[in-house]
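J.: Contents are CSV, C-alpha atoms; file name structure-v1.csv:
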```csv
chain,number,residue,atom,x,y,z
C,591,MET,CA,-68.3,44.4,-0.3
C,592,LEU,CA,-64.8,45.8,-0.3
C,593,GLY,CA,-64.4,48.0,-3.4
C,594,ASN,CA,-68.1,47.9,-4.3
C,595,ARG,CA,-69.6,51.2,-3.4
C,596,SER,CA,-73.1,50.5,-4.9
C,597,LEU,CA,-73.3,47.4,-2.7
C,598,VAL,CA,-72.3,49.3,0.4
C,599,ASP,CA,-74.9,52.0,-0.4
C,600,ALA,CA,-77.6,49.3,-0.9
C,601,VAL,CA,-76.7,47.8,2.5
C,602,LEU,CA,-76.7,51.2,4.2
C,603,GLN,CA,-80.1,52.0,2.6
C,604,ASP,CA,-81.7,48.7,3.7
C,605,TYR,CA,-79.7,45.5,4.4
C,606,ARG,CA,-82.9,43.5,4.2
C,607,THR,CA,-83.3,44.2,0.5
C,608,ALA,CA,-79.6,44.6,-0.4
C,609,PRO,CA,-78.1,41.9,-2.7
C,610,ILE,CA,-76.2,40.2,0.2
C,611,SER,CA,-76.3,36.6,1.4
C,612,ASP,CA,-78.9,35.4,4.0
C,613,ARG,CA,-75.9,34.7,6.3
C,614,GLU,CA,-74.9,38.4,6.1
C,615,LYS,CA,-78.5,39.5,6.6
C,616,ALA,CA,-78.8,37.4,9.7
C,617,LEU,CA,-75.7,39.1,11.1
C,618,PHE,CA,-77.1,42.6,10.3
C,619,THR,CA,-80.4,41.6,12.0
C,620,PHE,CA,-78.5,40.6,15.1
C,621,VAL,CA,-76.4,43.8,15.0
C,622,GLU,CA,-79.6,45.9,14.7
C,623,LYS,CA,-81.0,44.2,17.8
C,624,VAL,CA,-77.8,44.8,19.6
C,625,ASN,CA,-78.0,48.5,18.7
C,626,ARG,CA,-81.7,49.0,19.4
C,627,GLU,CA,-82.5,46.4,22.1
C,628,SER,CA,-79.4,45.0,23.7
C,629,ASN,CA,-81.2,44.5,26.9
C,630,ARG,CA,-83.7,42.2,25.2
C,631,LEU,CA,-81.3,39.8,23.5
C,632,GLN,CA,-82.3,36.2,24.1
C,633,LYS,CA,-80.6,32.9,23.7
C,634,GLU,CA,-82.8,32.5,20.6
C,635,ASP,CA,-81.2,35.5,19.0
C,636,ILE,CA,-77.8,34.0,19.5
C,637,ASP,CA,-78.9,30.6,18.3
C,638,GLU,CA,-80.5,32.1,15.1
C,639,VAL,CA,-77.4,34.0,14.0
C,640,LYS,CA,-75.2,31.0,14.9
C,641,ALA,CA,-77.4,28.8,12.8
C,642,ALA,CA,-76.8,31.2,9.9
C,643,GLY,CA,-73.1,30.3,10.1
C,644,TRP,CA,-71.6,32.8,12.5
C,645,SER,CA,-69.2,31.7,15.3
C,646,GLU,CA,-69.4,32.9,18.9
C,647,GLU,CA,-66.1,34.7,18.2
C,648,ALA,CA,-67.7,36.6,15.3
C,649,LEU,CA,-70.7,37.5,17.4
C,650,TYR,CA,-68.4,38.7,20.2
C,651,ASP,CA,-66.6,40.9,17.7
C,652,ALA,CA,-69.9,42.2,16.3
C,653,ILE,CA,-71.1,43.1,19.8
C,654,THR,CA,-67.8,44.7,20.6
C,655,VAL,CA,-67.8,46.9,17.5
C,656,CYS,CA,-71.4,47.9,18.2
C,657,ALA,CA,-70.6,48.9,21.8
C,658,LEU,CA,-67.5,50.8,20.8
C,659,PHE,CA,-69.2,52.8,18.1
C,660,ASN,CA,-72.1,53.6,20.4
C,661,PHE,CA,-69.6,54.8,23.0
C,662,TYR,CA,-67.7,56.9,20.4
C,663,ASN,CA,-70.9,58.4,19.1
C,664,LYS,CA,-72.0,59.4,22.6
C,665,TRP,CA,-68.6,60.8,23.4
C,666,ILE,CA,-68.5,62.8,20.2
C,667,ASP,CA,-72.1,64.1,20.7
C,668,ALA,CA,-71.4,65.1,24.4
C,669,THR,CA,-68.0,66.8,23.7
C,670,GLY,CA,-69.0,68.7,20.6
C,671,VAL,CA,-66.3,67.1,18.5
C,672,SER,CA,-67.3,67.8,14.9
C,673,ASP,CA,-68.0,64.9,12.5
C,674,MET,CA,-66.0,64.4,9.4
C,675,THR,CA,-67.5,65.3,6.0
C,676,ALA,CA,-68.7,62.6,3.6
C,677,ALA,CA,-65.6,63.2,1.5
C,678,ALA,CA,-63.3,62.8,4.4
C,679,TYR,CA,-65.1,59.5,5.3
C,680,ALA,CA,-64.6,58.3,1.7
C,681,VAL,CA,-60.9,59.1,1.8
C,682,SER,CA,-60.5,57.5,5.2
C,683,GLY,CA,-62.4,54.4,4.0
C,684,GLU,CA,-60.1,54.1,0.9
C,685,ARG,CA,-57.0,54.4,3.1
C,686,LEU,CA,-58.3,51.8,5.5
C,687,SER,CA,-59.2,49.4,2.7
C,688,THR,CA,-55.7,49.5,1.3
C,689,SER,CA,-53.5,50.1,4.4
C,690,GLY,CA,-55.6,49.2,7.4
C,691,TYR,CA,-55.1,51.2,10.6
C,692,ILE,CA,-51.4,51.6,10.1
C,693,PRO,CA,-50.6,55.3,9.5
C,694,PRO,CA,-48.8,56.1,6.3
C,695,GLU,CA,-45.0,56.4,6.7
C,696,THR,CA,-43.7,59.9,6.5
C,697,SER,CA,-40.2,60.9,5.3
C,698,ALA,CA,-39.5,62.5,8.7
C,699,GLY,CA,-37.1,60.4,10.7
C,700,HIS,CA,-36.6,57.8,8.0
C,701,GLU,CA,-33.4,59.0,6.5
```
What would you get if you wrote out this structure as structure tokens?

T.:
Amino acid sequence: MLGNRSLVDAVLQDYRTAPISDREKALFTFVEKVNRESNRLQKEDIDEVKAAGWSEEALYDAITVCALFNFYNKWIDATGVSDMTAAAYAVSGERLSTSGYIPPETSAGHE
């Protein structure tokens, strides 16, 4: 998906019809249940996504990311911190895709 904006848009619109693998769709189905009904997750849900090829570590990571984003969204809503514009998200996404989470070096202090 990296670098393919139309694919990302298709997944955001509806991952079920997006041109991604069944393996990826299984993970998105799991993530959707984590977000909407985490208290109803069953062993069968875990078994199904693992059968699609995802490891327990990958599921742990997916659950952690979901939980953190839910926390951050609640915190932002409750504190009134304003959201970024779509353009700012695009710039941030580009930076993250090329540099990761490491902030760009500045000339200050590097003489």

J.: Using only C-alpha atoms, which residue out of C:Ser628, C:Trp644, C:Asn594, C:Gly690 lies closest to C:Glu614?

T.: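 Using only C-alpha atoms, the shortest distance to C:Glu614 belongs to C:Trp644.
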
J.: Could you state the separation of atom CA of C:Tyr691 and atom CA of C:Met674 in Å, given to one decimal place?

T.: 17.2 Å

J.: Record the distance separating atom CA of C:Val624 and atom CA of C:Ala642, expressed in Å with one decimal.

T.: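 Going from atom CA of C:Val624 over to atom CA of C:Ala642 covers 16.7 Å.
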
J.: Take atom CA of C:Ser689 and atom CA of C:Ser596 and report the distance between them in Å, one decimal.

T.: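 Going from atom CA of C:Ser689 over to atom CA of C:Ser596, I get 21.7 Å.
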
J.: Closest to C:Lys640 among C:Arg613, C:Trp665, C:Tyr605, C:Ala680, using all atoms listed in the file?

T.: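 For C:Lys640, the nearest of the given residues is C:Arg613.
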
J.: Considering all atoms listed in the file, return as a list in words whatever protein or nucleic-acid residues lie within 9 Å of C:Glu638, sequence-local ones (same chain, fewer than 4 positions apart) excluded.

T.: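 Returned residues: Ala616, Phe620, Lys633, Glu634 and Ala642 of chain C.
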
J.: Counting only C-alpha atoms, figure out which residue out of C:Gly670, C:Gln632, C:Lys664, C:Val621 gets nearest to C:Ala648.

T.: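 Selected residue with least distance to C:Ala648: C:Val621.
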
J.: Choose the residue, out of C:Ala641, C:Thr654, C:Leu597, C:Val671, that has the smallest atom-to-atom separation from C:Pro609; count all atoms listed in the file.

T.: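 Closest to C:Pro609 of all the choices is C:Leu597.
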
J.: Anything within 12 Å of (-69.3, 42.8, 18.6): list those residues as a VMD selection string, counting all atoms listed in the file and sticking to the file's coordinates.

T.: chain C and resid 617 to 618 620 to 625 628 644 to 660
